[in-house]
$ cat work.txt   # compact mmCIF, C-alpha atoms and all ligand atoms
# COMPACT_ATOMS: atom_id res chain seq x y z
CA MET A 295 0.00 0.00 0.00
CA ASP A 296 3.08 2.23 -0.37
CA ASN A 297 3.52 2.25 -4.12
CA ALA A 298 4.20 5.98 -4.16
CA ALA A 299 7.42 5.23 -2.25
CA THR A 300 8.53 2.63 -4.77
CA THR A 301 7.37 -0.39 -6.75
CA ASN A 302 8.70 -3.85 -7.53
CA VAL A 303 10.49 -4.64 -10.76
CA THR A 304 8.07 -6.80 -12.73
CA LYS A 305 9.14 -10.06 -14.38
CA GLU A 306 8.62 -8.65 -17.88
CA VAL A 307 10.83 -5.65 -17.06
CA LEU A 308 13.52 -7.89 -15.60
CA GLU A 309 13.42 -10.20 -18.64
CA GLU A 310 14.04 -7.25 -21.00
CA MET A 311 16.95 -6.10 -18.85
CA ARG A 312 18.68 -9.44 -18.41
CA PRO A 313 20.52 -9.65 -21.79
CA TYR A 314 22.10 -6.25 -21.22
CA LEU A 315 23.59 -7.41 -17.93
CA ILE A 316 24.94 -10.74 -19.12
CA ASP A 317 25.40 -11.02 -22.90
CA ASN A 318 25.05 -7.62 -24.58
CA TYR A 319 26.95 -5.97 -21.78
CA GLY A 320 29.14 -3.88 -24.09
CA ASN A 321 29.80 -0.21 -23.60
CA PRO A 322 27.25 1.57 -25.81
CA SER A 323 30.05 3.78 -27.16
CA ALA A 324 31.98 0.74 -28.46
CA GLN A 325 31.99 -0.09 -32.18
CA TYR A 326 31.71 -3.88 -31.89
CA ASN A 327 28.54 -5.91 -31.83
CA ILE A 328 27.68 -6.08 -28.13
CA GLY A 329 28.29 -2.33 -27.82
CA VAL A 330 26.18 -1.56 -30.88
CA GLU A 331 23.38 -3.76 -29.49
CA ALA A 332 23.51 -1.87 -26.19
CA LYS A 333 23.33 1.46 -28.01
CA LYS A 334 20.33 0.29 -30.05
CA ALA A 335 18.62 -0.83 -26.85
CA ILE A 336 19.08 2.64 -25.32
CA GLN A 337 17.58 4.21 -28.42
CA LYS A 338 14.57 1.88 -28.26
CA ALA A 339 14.08 2.77 -24.59
CA ARG A 340 14.32 6.48 -25.46
CA GLU A 341 11.56 6.01 -28.03
CA ARG A 342 9.37 4.10 -25.57
CA VAL A 343 9.80 6.75 -22.88
CA ALA A 344 9.13 9.54 -25.39
CA ASN A 345 5.97 7.79 -26.68
CA GLY A 346 4.69 7.45 -23.14
CA ILE A 347 4.56 11.22 -22.70
CA ARG A 348 4.11 12.18 -26.39
CA ALA A 349 7.58 13.72 -26.69
CA ARG A 350 10.27 13.27 -29.34
CA PRO A 351 13.02 10.74 -28.53
CA GLU A 352 15.75 13.39 -28.74
CA GLU A 353 13.97 15.32 -25.97
CA ILE A 354 14.57 12.50 -23.43
CA TYR A 355 17.78 12.57 -21.36
CA PHE A 356 18.35 9.59 -19.07
CA THR A 357 19.37 10.35 -15.49
CA SER A 358 19.77 8.33 -12.29
CA CYS A 359 16.54 9.38 -10.55
CA GLY A 360 13.80 11.96 -10.14
CA SER A 361 15.85 13.99 -7.69
CA GLU A 362 18.66 14.33 -10.20
CA SER A 363 16.22 15.39 -12.91
CA ASP A 364 14.67 18.03 -10.62
CA ASN A 365 18.08 19.42 -9.64
CA TRP A 366 19.28 19.48 -13.23
CA ALA A 367 16.17 21.13 -14.66
CA ILE A 368 16.13 23.99 -12.17
CA LYS A 369 19.88 24.60 -11.86
CA GLY A 370 20.48 24.05 -15.58
CA VAL A 371 17.83 26.55 -16.67
CA CYS A 372 18.72 29.07 -13.95
CA GLU A 373 22.37 29.04 -14.98
CA LYS A 374 21.36 30.06 -18.51
CA GLN A 375 18.70 32.54 -17.41
CA ARG A 376 21.07 34.32 -15.04
CA LEU A 377 23.06 35.37 -18.11
CA LYS A 378 19.93 37.31 -19.13
CA ASP A 379 19.57 38.83 -15.63
CA LYS A 380 16.59 36.63 -14.79
CA ASN A 381 16.93 35.79 -11.11
CA LYS A 382 13.50 34.79 -9.90
CA ILE A 383 12.15 31.25 -9.38
CA ILE A 384 8.47 30.51 -8.87
CA THR A 385 7.43 27.26 -7.21
CA THR A 386 4.89 26.03 -4.63
CA ASN A 387 5.16 25.40 -0.90
CA ILE A 388 4.36 21.67 -1.23
CA GLU A 389 7.05 20.55 -3.69
CA HIS A 390 9.20 17.50 -3.07
CA PRO A 391 12.49 18.25 -1.23
CA ALA A 392 14.34 17.63 -4.51
CA VAL A 393 12.77 20.87 -5.75
CA LEU A 394 12.51 22.79 -2.47
CA ASN A 395 16.13 22.17 -1.47
CA THR A 396 17.37 23.02 -4.96
CA CYS A 397 15.49 26.31 -4.67
CA LYS A 398 16.98 26.94 -1.21
CA TYR A 399 20.44 26.30 -2.64
CA LEU A 400 19.83 28.79 -5.44
CA GLU A 401 18.48 31.32 -2.91
CA LYS A 402 21.90 31.21 -1.24
CA HIS A 403 23.38 31.97 -4.66
CA GLY A 404 21.36 35.11 -5.24
CA PHE A 405 18.07 33.87 -6.71
CA GLU A 406 14.76 35.10 -5.30
CA VAL A 407 12.29 32.25 -4.78
CA ILE A 408 8.52 32.72 -4.58
CA TYR A 409 6.76 29.80 -2.86
CA ILE A 410 3.12 29.98 -3.93
CA PRO A 411 0.91 28.74 -1.06
CA VAL A 412 -1.60 26.00 -1.85
CA ASP A 413 -5.26 26.19 -0.76
CA LYS A 414 -6.77 23.87 1.86
CA ASN A 415 -6.97 21.05 -0.68
CA GLY A 416 -3.40 21.36 -1.93
CA PHE A 417 -3.95 23.27 -5.17
CA ILE A 418 -2.54 26.43 -6.70
CA THR A 419 -4.13 28.29 -9.61
CA ALA A 420 -2.72 29.66 -12.85
CA GLN A 421 -3.86 33.08 -11.62
CA GLN A 422 -1.52 32.81 -8.61
CA VAL A 423 1.35 32.20 -11.03
CA GLU A 424 0.22 35.10 -13.17
CA ASN A 425 0.21 37.36 -10.08
CA VAL A 426 3.92 36.84 -9.47
CA ILE A 427 5.48 36.05 -12.86
CA ASP A 428 7.38 38.88 -14.56
CA ASP A 429 10.29 39.69 -16.87
CA ASP A 430 12.80 38.71 -14.16
CA THR A 431 11.42 35.17 -13.85
CA ALA A 432 13.95 32.47 -14.77
CA ILE A 433 11.77 29.37 -14.32
CA VAL A 434 8.46 28.15 -12.92
CA SER A 435 8.62 24.73 -11.25
CA VAL A 436 5.33 23.11 -10.25
CA MET A 437 4.78 19.45 -9.48
CA TYR A 438 2.26 17.60 -11.64
CA ALA A 439 0.90 15.79 -8.61
CA ASN A 440 1.85 15.88 -4.96
CA ASN A 441 3.56 12.84 -3.48
CA GLU A 442 1.74 13.01 -0.14
CA ILE A 443 -1.82 14.10 -0.87
CA GLY A 444 -1.97 13.39 -4.60
CA SER A 445 -3.34 16.82 -5.60
CA ILE A 446 -3.01 17.28 -9.37
CA GLN A 447 -2.09 20.86 -10.30
CA PRO A 448 -3.56 22.69 -13.31
CA VAL A 449 -0.28 22.29 -15.17
CA SER A 450 -1.62 23.04 -18.61
CA GLU A 451 -3.20 26.36 -17.52
CA ILE A 452 -0.02 27.30 -15.69
CA GLY A 453 1.88 26.47 -18.88
CA VAL A 454 -0.26 28.93 -20.84
CA VAL A 455 0.75 31.72 -18.44
CA CYS A 456 4.42 30.70 -18.65
CA ARG A 457 4.33 30.68 -22.47
CA ARG A 458 2.81 34.16 -22.49
CA TYR A 459 5.75 35.45 -20.45
CA GLY A 460 8.35 33.32 -22.26
CA VAL A 461 9.30 31.55 -19.02
CA PRO A 462 10.21 27.82 -19.07
CA LEU A 463 7.88 25.57 -17.07
CA HIS A 464 9.45 22.62 -15.24
CA VAL A 465 7.12 19.92 -13.95
CA ASP A 466 8.02 17.21 -11.46
CA ALA A 467 5.94 14.29 -12.74
CA VAL A 468 7.54 11.61 -10.57
CA GLN A 469 4.20 10.76 -8.93
CA ALA A 470 2.00 11.50 -11.92
CA ILE A 471 3.66 9.13 -14.35
CA GLY A 472 1.67 5.93 -14.68
CA ASN A 473 -1.26 7.51 -12.84
CA VAL A 474 -2.14 10.32 -15.25
CA ASP A 475 -2.16 10.23 -19.04
CA ILE A 476 0.56 12.81 -19.69
CA ASN A 477 0.95 14.72 -22.93
CA VAL A 478 3.84 17.16 -22.64
CA SER A 479 2.96 19.12 -25.77
CA GLU A 480 -0.70 19.65 -24.94
CA SER A 481 0.22 20.54 -21.36
CA ASN A 482 2.67 23.30 -22.34
CA ILE A 483 5.45 21.62 -20.35
CA ASP A 484 9.06 22.58 -21.16
CA LEU A 485 10.98 20.30 -18.81
CA MET A 486 9.67 17.27 -16.93
CA SER A 487 11.21 14.92 -14.35
CA ILE A 488 10.34 11.23 -14.21
CA SER A 489 11.68 8.40 -12.07
CA GLY A 490 11.70 4.75 -13.13
CA HIS A 491 11.22 3.08 -9.77
CA LYS A 492 7.68 4.40 -9.34
CA ILE A 493 6.52 2.47 -12.41
CA HIS A 494 8.20 -0.94 -11.94
CA ALA A 495 11.63 -0.11 -13.37
CA PRO A 496 14.63 -0.54 -11.06
CA LYS A 497 15.79 2.15 -8.66
CA GLY A 498 18.57 4.31 -10.07
CA VAL A 499 17.12 5.36 -13.41
CA GLY A 500 14.96 8.27 -14.49
CA CYS A 501 14.87 10.95 -17.12
CA LEU A 502 14.52 14.62 -17.78
CA TYR A 503 12.38 15.69 -20.72
CA ILE A 504 13.78 18.90 -22.21
CA ARG A 505 11.64 20.32 -25.00
CA ASN A 506 13.62 21.14 -28.15
CA GLY A 507 14.77 24.75 -28.01
CA ILE A 508 14.83 25.08 -24.21
CA ASP A 509 18.14 26.47 -23.01
CA CYS A 510 19.51 24.30 -20.19
CA SER A 511 23.14 23.72 -19.16
CA PRO A 512 24.62 20.23 -19.38
CA LEU A 513 24.62 18.31 -16.12
CA ILE A 514 27.78 16.20 -16.35
CA HIS A 515 30.72 17.08 -18.56
CA GLY A 516 32.74 14.21 -19.94
CA GLY A 517 32.62 11.83 -22.86
CA GLY A 518 29.52 13.36 -24.42
CA GLN A 519 26.82 10.75 -23.73
CA GLU A 520 23.18 11.86 -23.76
CA ASN A 521 23.91 14.30 -26.55
CA GLY A 522 26.65 15.93 -24.49
CA PHE A 523 24.28 16.87 -21.67
CA ARG A 524 24.86 14.05 -19.21
CA SER A 525 28.14 12.30 -19.74
CA GLY A 526 29.02 8.99 -18.18
CA THR A 527 28.65 5.42 -19.43
CA GLU A 528 24.95 4.70 -19.58
CA ASN A 529 23.13 2.44 -17.12
CA VAL A 530 22.04 0.32 -20.08
CA ALA A 531 20.04 -2.45 -18.38
CA SER A 532 18.13 -0.04 -16.16
CA ILE A 533 17.40 2.26 -19.08
CA VAL A 534 16.06 -0.74 -21.01
CA GLY A 535 13.92 -1.68 -18.00
CA PHE A 536 12.67 1.88 -17.73
CA GLY A 537 11.66 1.86 -21.40
CA LYS A 538 9.72 -1.38 -20.98
CA ALA A 539 8.08 -0.15 -17.76
CA MET A 540 7.05 3.08 -19.43
CA GLU A 541 5.50 1.23 -22.36
CA THR A 542 3.57 -1.07 -20.06
CA THR A 543 2.39 1.59 -17.65
CA THR A 544 1.13 3.95 -20.33
CA SER A 545 -0.34 1.39 -22.75
CA ASP A 546 -3.49 0.66 -20.76
CA ILE A 547 -3.54 3.66 -18.49
CA LYS A 548 -7.26 4.44 -18.66
CA ASN A 549 -8.24 0.97 -17.40
CA LYS A 550 -5.54 1.12 -14.76
CA ILE A 551 -6.81 4.46 -13.48
CA ASP A 552 -10.40 3.14 -13.27
CA TYR A 553 -9.34 -0.04 -11.46
CA VAL A 554 -7.12 1.72 -8.92
CA LYS A 555 -9.58 4.56 -8.36
CA ASN A 556 -12.35 2.06 -7.54
CA LEU A 557 -10.17 0.37 -4.93
CA ARG A 558 -9.16 3.74 -3.49
CA ASP A 559 -12.75 5.00 -3.30
CA TYR A 560 -13.87 1.77 -1.63
CA LEU A 561 -11.13 2.24 0.98
CA LEU A 562 -12.13 5.87 1.47
CA CYS A 563 -15.81 5.04 2.01
CA ASN A 564 -14.93 2.36 4.53
CA ILE A 565 -12.47 4.20 6.73
CA VAL A 566 -12.97 7.96 6.52
CA ASP A 567 -15.58 9.20 9.00
CA GLY A 568 -14.55 12.87 8.97
CA GLU A 569 -14.03 12.87 12.71
CA PHE A 570 -11.54 10.26 13.94
CA ILE A 571 -10.23 9.62 10.44
CA LYS A 572 -10.27 12.67 8.19
CA LEU A 573 -9.37 12.93 4.50
CA ASN A 574 -6.43 15.23 3.75
CA GLY A 575 -7.04 17.22 0.59
CA SER A 576 -9.87 16.84 -1.86
CA ILE A 577 -11.04 13.73 -3.65
CA GLU A 578 -11.33 15.78 -6.87
CA ASN A 579 -8.25 16.12 -9.10
CA ARG A 580 -6.33 13.61 -7.05
CA LEU A 581 -4.05 10.76 -8.11
CA CYS A 582 -6.14 7.62 -8.60
CA GLY A 583 -4.25 5.52 -6.04
CA ASN A 584 -3.67 8.16 -3.37
CA LEU A 585 -5.54 8.28 -0.09
CA ASN A 586 -4.05 10.43 2.65
CA VAL A 587 -5.90 10.59 5.96
CA SER A 588 -5.23 11.97 9.42
CA PHE A 589 -6.00 9.94 12.53
CA LYS A 590 -7.14 12.44 15.17
CA ASN A 591 -4.62 13.01 17.98
CA CYS A 592 -2.46 10.10 16.83
CA GLU A 593 0.99 9.89 15.41
CA GLY A 594 1.07 8.71 11.81
CA GLU A 595 4.36 6.89 12.41
CA SER A 596 2.78 4.88 15.19
CA ILE A 597 -0.19 3.89 13.00
CA ALA A 598 2.22 2.93 10.21
CA LEU A 599 4.24 0.76 12.61
CA GLN A 600 1.11 -0.91 13.94
CA LEU A 601 -0.05 -1.68 10.40
CA ALA A 602 3.39 -3.07 9.57
CA ASN A 603 2.83 -5.65 12.31
CA TYR A 604 -0.01 -6.91 10.11
CA ASP A 605 2.24 -6.88 7.00
CA ILE A 606 0.57 -3.74 5.69
CA TYR A 607 3.10 -1.18 4.51
CA VAL A 608 2.08 2.45 4.35
CA SER A 609 3.86 5.74 4.69
CA ALA A 610 3.35 8.22 7.49
CA LYS A 611 5.07 10.91 5.45
CA SER A 612 7.01 10.89 2.26
CA ALA A 613 9.66 8.17 2.51
CA CYS A 614 12.45 10.75 2.24
CA SER A 615 11.46 12.47 5.48
CA ALA A 616 10.29 9.41 7.40
CA GLY A 617 11.82 9.14 10.84
CA ASN A 618 11.50 12.86 11.42
CA LEU A 619 8.59 13.50 13.77
CA GLU A 620 7.78 17.04 12.64
CA PRO A 621 4.45 17.18 10.78
CA SER A 622 4.98 17.05 7.05
CA HIS A 623 5.34 20.40 5.26
CA VAL A 624 2.51 19.35 2.97
CA ILE A 625 0.03 18.57 5.76
CA LYS A 626 1.09 21.77 7.56
CA ALA A 627 0.33 23.72 4.38
CA ILE A 628 -3.28 22.46 4.19
CA GLU A 629 -4.31 21.65 7.79
CA LYS A 630 -4.68 24.24 10.50
CA ASP A 631 -6.23 22.01 13.19
CA GLU A 632 -3.44 20.76 15.51
CA ASN A 633 -5.45 17.61 16.30
CA TYR A 634 -4.92 16.33 12.78
CA LEU A 635 -1.39 17.55 12.08
CA TYR A 636 0.63 14.60 13.33
CA GLY A 637 -1.60 11.67 12.42
CA SER A 638 -1.31 11.64 8.64
CA VAL A 639 -0.96 8.32 6.83
CA ARG A 640 -0.66 7.83 3.09
CA PHE A 641 -2.04 4.77 1.31
CA SER A 642 -0.84 4.58 -2.27
CA LEU A 643 -2.42 1.82 -4.30
CA ASN A 644 -1.54 0.54 -7.71
CA GLU A 645 -2.74 -1.99 -10.26
CA HIS A 646 -1.19 -4.88 -8.34
CA ASN A 647 -3.35 -4.33 -5.26
CA THR A 648 -6.43 -6.52 -4.91
CA GLN A 649 -9.88 -6.16 -3.38
CA GLU A 650 -8.91 -8.79 -0.77
CA GLU A 651 -5.94 -6.70 0.30
CA ILE A 652 -8.12 -3.62 0.70
CA ASP A 653 -10.65 -5.59 2.79
CA TYR A 654 -7.81 -6.84 4.97
CA LEU A 655 -6.57 -3.26 5.38
CA ILE A 656 -10.05 -1.98 6.28
CA ASN A 657 -10.56 -4.69 8.89
CA THR A 658 -7.13 -4.08 10.38
CA ILE A 659 -7.70 -0.33 10.61
CA LYS A 660 -11.04 -0.91 12.30
CA LYS A 661 -9.33 -3.11 14.91
CA LEU A 662 -6.63 -0.48 15.47
CA VAL A 663 -9.10 2.38 15.66
CA ILE A 664 -11.12 0.64 18.35
CA PHE A 665 -7.89 -0.01 20.21
CA ASN A 666 -6.70 3.61 19.80
CA GLN A 667 -9.98 5.14 20.88
CA ARG A 668 -10.27 3.11 24.08
N1 LIG B 1 9.59 14.15 -6.80
C1 LIG B 1 8.53 13.54 -6.26
C2 LIG B 1 7.19 14.18 -6.37
C3 LIG B 1 8.68 12.32 -5.59
O1 LIG B 1 7.63 11.73 -5.05
C4 LIG B 1 9.97 11.76 -5.51
C5 LIG B 1 10.19 10.50 -4.79
O2 LIG B 1 9.37 9.99 -4.09
C6 LIG B 1 11.03 12.43 -6.12
C7 LIG B 1 10.81 13.63 -6.75
C8 LIG B 1 12.42 11.86 -6.09
O3 LIG B 1 12.52 10.76 -6.94
P1 LIG B 1 13.72 9.73 -6.80
O4 LIG B 1 13.39 8.85 -5.63
O5 LIG B 1 13.74 8.96 -8.07
O6 LIG B 1 14.94 10.53 -6.59

$ encode --input "work.txt" --output "structure tokens"
Amino acid sequence: MDNAATTNVTKEVLEEMRPYLIDNYGNPSAQYNIGVEAKKAIQKARERVANGIRARPEEIYFTSCGSESDNWAIKGVCEKQRLKDKNKIITTNIEHPAVLNTCKYLEKHGFEVIYIPVDKNGFITAQQVENVIDDDTAIVSVMYANNEIGSIQPVSEIGVVCRRYGVPLHVDAVQAIGNVDINVSESNIDLMSISGHKIHAPKGVGCLYIRNGIDCSPLIHGGGQENGFRSGTENVASIVGFGKAMETTTSDIKNKIDYVKNLRDYLLCNIVDGEFIKLNGSIENRLCGNLNVSFKNCEGESIALQLANYDIYVSAKSACSAGNLEPSHVIKAIEKDENYLYGSVRFSLNEHNTQEEIDYLINTIKKLVIFNQR
């Protein structure tokens, strides 16, 4: 129930990867057969990833993870924009730390950062972006969907505002990919971060989409791989796995969304009472598999540990900040009632979850709730 933290590598993904670990293990820059085969496999993966988001293959740059893609997009664009005296970054107050901490770093290096506050359901509006964007703006970075409460931002409308001002729009789509049918062109997105391990590829691979014509500095200088933008011998097998995972996750996405949403809504109806267990955020415009609730006057970590005793794995906060008992910055941004600040728990379902598992979860929560309320 913690698929937003990570997912398993599926058998079909592993099978596609295997030859590039054992037989066709050549360096993709080599001229001989096993190198050429590896290079071809990377190109096929690039096409699969591009198809999944309706981009062109040459707009996909493989990276090691979503965090790397977020860092690269923002720092890479800001470095270029600074040359034009553009020193302002616009983002939201509920971004992932990979974006927030990159912005903090750039603040120390002279950039001004505007953190647009979300409303009580975790949304910003295009109008809020329009209110602060100007000729000094270097980049707008807004997440497609939030990792804790699943709120899906009006990316396309925000993109219209950015285009009008000639400002590049970066979108962190790490949680959206595989859960939303993404079309980068129709959504006016200029740069987009994706991570493989959220969609059944291995950990350690991701990509940055950079629309043709967007000015962004290279990330790693060296032998010129990834069109000179991210040097270093490619992680061939993982890239191949990522390509396969992307093809699978996007090929039947509408049915997947319906299936997962039904499970999620069933869970919601059976546990949320609005008093002891309250929904965080809105059910509208929310990732299909995301349910984030607060248990009144409880600690989310403690609920998560109790559920783990029943082999149910959930997240009390985003995995990156787990173990830190401060309320999450996302819940703090949307919840003003102290009674609900510390008890947030995220369930993130995917297409591998079953009705039986959800029933087991519901029954377990009911047992725990009775125990907690006594
Ligand atoms: N952005 C969002 C919204 C995320 O949820 C995550 C990870 O959970 C990341 C970025 C970082 O991705 P990665 O774990 O691949 O570095």

$ atom_distance --input "work.txt" --atom1 "CA of Asp317 in chain A" --atom2 "CA of Gly329 in chain A"
10.4 Å

$ residues_near_ligand --input "work.txt" --ligand "ligand LIG 1 (chain B)" --cutoff "6 Å" --atoms "only C-alpha atoms and all ligand atoms" --output "ChimeraX atom specification"
/A:299,359-361,390,392,440-441,466,468-469,489

$ atom_distance --input "work.txt" --atom1 "CA of Val499 in chain A" --atom2 "CA of Gly518 in chain A"
18.4 Å

$ closest_atom_pairs --input "work.txt" --of "range 476-564 of chain A" --to "range 643-652 of chain A" --cutoff "9 Å" --atoms "only C-alpha atoms" --output "tab-separated table"
residue	atom	partner	partner_atom	distance
A:Lys550	CA	A:Glu645	CA	6.1
A:Ile551	CA	A:Glu645	CA	8.3
A:Tyr553	CA	A:Glu645	CA	7.0
A:Val554	CA	A:Asn644	CA	5.8
A:Lys555	CA	A:Leu643	CA	8.7
A:Leu557	CA	A:Gln649	CA	6.7
A:Arg558	CA	A:Leu643	CA	7.1
A:Tyr560	CA	A:Ile652	CA	8.2
A:Leu561	CA	A:Ile652	CA	6.6

$ closest_residue --input "work.txt" --among "A:Lys369, A:Arg348, A:Lys305, A:His623" --to "Thr544 in chain A" --atoms "only C-alpha atoms"
A:Arg348

$ residues_near_point --input "work.txt" --point "(4.0, 1.2, -23.3)" --cutoff "12 Å" --atoms "only C-alpha atoms" --output "list in words"
Val307, Lys338, Ala339, Arg340, Glu341, Arg342, Val343, Ala344, Asn345, Gly346, Ile347, Arg348, Ile471, Gly472, Asp475, Ile493, Gly535, Phe536, Gly537, Lys538, Ala539, Met540, Glu541, Thr542, Thr543, Thr544, Ser545, Asp546 and Ile547 of chain A

$ residues_around --input "work.txt" --residues "Thr431 in chain A" --least-positions-apart "3" --cutoff "7 Å" --atoms "all atoms listed in the file" --output "ChimeraX atom specification"
/A:380-383,427-428,461

$ residues_around --input "work.txt" --residues "Lys414 in chain A" --least-positions-apart "4" --cutoff "9 Å" --atoms "only C-alpha atoms" --output "PyMOL selection string"
chain A and resi 574-576+627-630

$ residues_around --input "work.txt" --residues "Asn591 in chain A" --least-positions-apart "3" --cutoff "9 Å" --atoms "only C-alpha atoms" --output "list of chain:residue names"
A:Phe570, A:Ser588, A:Glu632, A:Asn633, A:Tyr634, A:Leu635, A:Tyr636, A:Gly637

$ atom_distance --input "work.txt" --atom1 "CA of Lys492 in chain A" --atom2 "CA of Glu306 in chain A"
15.6 Å

$ residues_around --input "work.txt" --residues "Ile410 in chain A" --least-positions-apart "6" --cutoff "9 Å" --atoms "only C-alpha atoms" --output "PyMOL selection string"
chain A and resi 384-388+418+422-423+426

$ residues_around --input "work.txt" --residues "Lys611 in chain A" --least-positions-apart "4" --cutoff "12 Å" --atoms "only C-alpha atoms" --output "VMD selection string"
chain A and resid 296 298 to 299 390 440 to 443 586 to 588 593 to 598 615 to 626 635 to 642

$ write_last_selection --input "work.txt" --atoms "C-alpha atoms" --output "mmCIF file, in the frame of the given file"
data_model
loop_
_atom_site.group_PDB
_atom_site.id
_atom_site.type_symbol
_atom_site.label_atom_id
_atom_site.label_comp_id
_atom_site.auth_asym_id
_atom_site.auth_seq_id
_atom_site.Cartn_x
_atom_site.Cartn_y
_atom_site.Cartn_z
ATOM 1 C CA ASP A 296 3.080 2.230 -0.370
ATOM 2 C CA ALA A 298 4.200 5.980 -4.160
ATOM 3 C CA ALA A 299 7.420 5.230 -2.250
ATOM 4 C CA HIS A 390 9.200 17.500 -3.070
ATOM 5 C CA ASN A 440 1.850 15.880 -4.960
ATOM 6 C CA ASN A 441 3.560 12.840 -3.480
ATOM 7 C CA GLU A 442 1.740 13.010 -0.140
ATOM 8 C CA ILE A 443 -1.820 14.100 -0.870
ATOM 9 C CA ASN A 586 -4.050 10.430 2.650
ATOM 10 C CA VAL A 587 -5.900 10.590 5.960
ATOM 11 C CA SER A 588 -5.230 11.970 9.420
ATOM 12 C CA GLU A 593 0.990 9.890 15.410
ATOM 13 C CA GLY A 594 1.070 8.710 11.810
ATOM 14 C CA GLU A 595 4.360 6.890 12.410
ATOM 15 C CA SER A 596 2.780 4.880 15.190
ATOM 16 C CA ILE A 597 -0.190 3.890 13.000
ATOM 17 C CA ALA A 598 2.220 2.930 10.210
ATOM 18 C CA SER A 615 11.460 12.470 5.480
ATOM 19 C CA ALA A 616 10.290 9.410 7.400
ATOM 20 C CA GLY A 617 11.820 9.140 10.840
ATOM 21 C CA ASN A 618 11.500 12.860 11.420
ATOM 22 C CA LEU A 619 8.590 13.500 13.770
ATOM 23 C CA GLU A 620 7.780 17.040 12.640
ATOM 24 C CA PRO A 621 4.450 17.180 10.780
ATOM 25 C CA SER A 622 4.980 17.050 7.050
ATOM 26 C CA HIS A 623 5.340 20.400 5.260
ATOM 27 C CA VAL A 624 2.510 19.350 2.970
ATOM 28 C CA ILE A 625 0.030 18.570 5.760
ATOM 29 C CA LYS A 626 1.090 21.770 7.560
ATOM 30 C CA LEU A 635 -1.390 17.550 12.080
ATOM 31 C CA TYR A 636 0.630 14.600 13.330
ATOM 32 C CA GLY A 637 -1.600 11.670 12.420
ATOM 33 C CA SER A 638 -1.310 11.640 8.640
ATOM 34 C CA VAL A 639 -0.960 8.320 6.830
ATOM 35 C CA ARG A 640 -0.660 7.830 3.090
ATOM 36 C CA PHE A 641 -2.040 4.770 1.310
ATOM 37 C CA SER A 642 -0.840 4.580 -2.270
#

$ axis_aligned_box --input "work.txt" --around "range 537-552 of chain A" --padding-each-side "6 Å" --output "lines of an AutoDock Vina configuration file"
center_x = 0.6
center_y = 1.5
center_z = -18.0
size_x = 34.1
size_y = 17.8
size_z = 21.5

$ residues_near_point --input "work.txt" --point "(-3.4, 21.8, -7.4)" --cutoff "8 Å" --atoms "only C-alpha atoms" --output "VMD selection string"
chain A and resid 412 415 to 419 439 445 to 448 579

$ closest_residue --input "work.txt" --among "A:Leu599, A:Ile433, A:Ile571, A:Leu502" --to "Val663 in chain A" --atoms "all atoms listed in the file"
A:Ile571

$ closest_residue --input "work.txt" --among "A:Gly500, A:Cys563, A:Tyr459, A:Leu581" --to "Glu528 in chain A" --atoms "all atoms listed in the file"
A:Gly500

$ closest_residue --input "work.txt" --among "A:Asn549, A:Thr658, A:Thr304, A:Gln337" --to "Ala602 in chain A" --atoms "all atoms listed in the file"
A:Thr658

$ closest_residue --input "work.txt" --among "A:Gly507, A:Glu424, A:Ser609, A:Pro351" --to "Leu585 in chain A" --atoms "all atoms listed in the file"
A:Ser609

$ closest_residue --input "work.txt" --among "A:Ile514, A:Ile336, A:Ile408, A:Tyr654" --to "Glu362 in chain A" --atoms "only C-alpha atoms"
A:Ile514
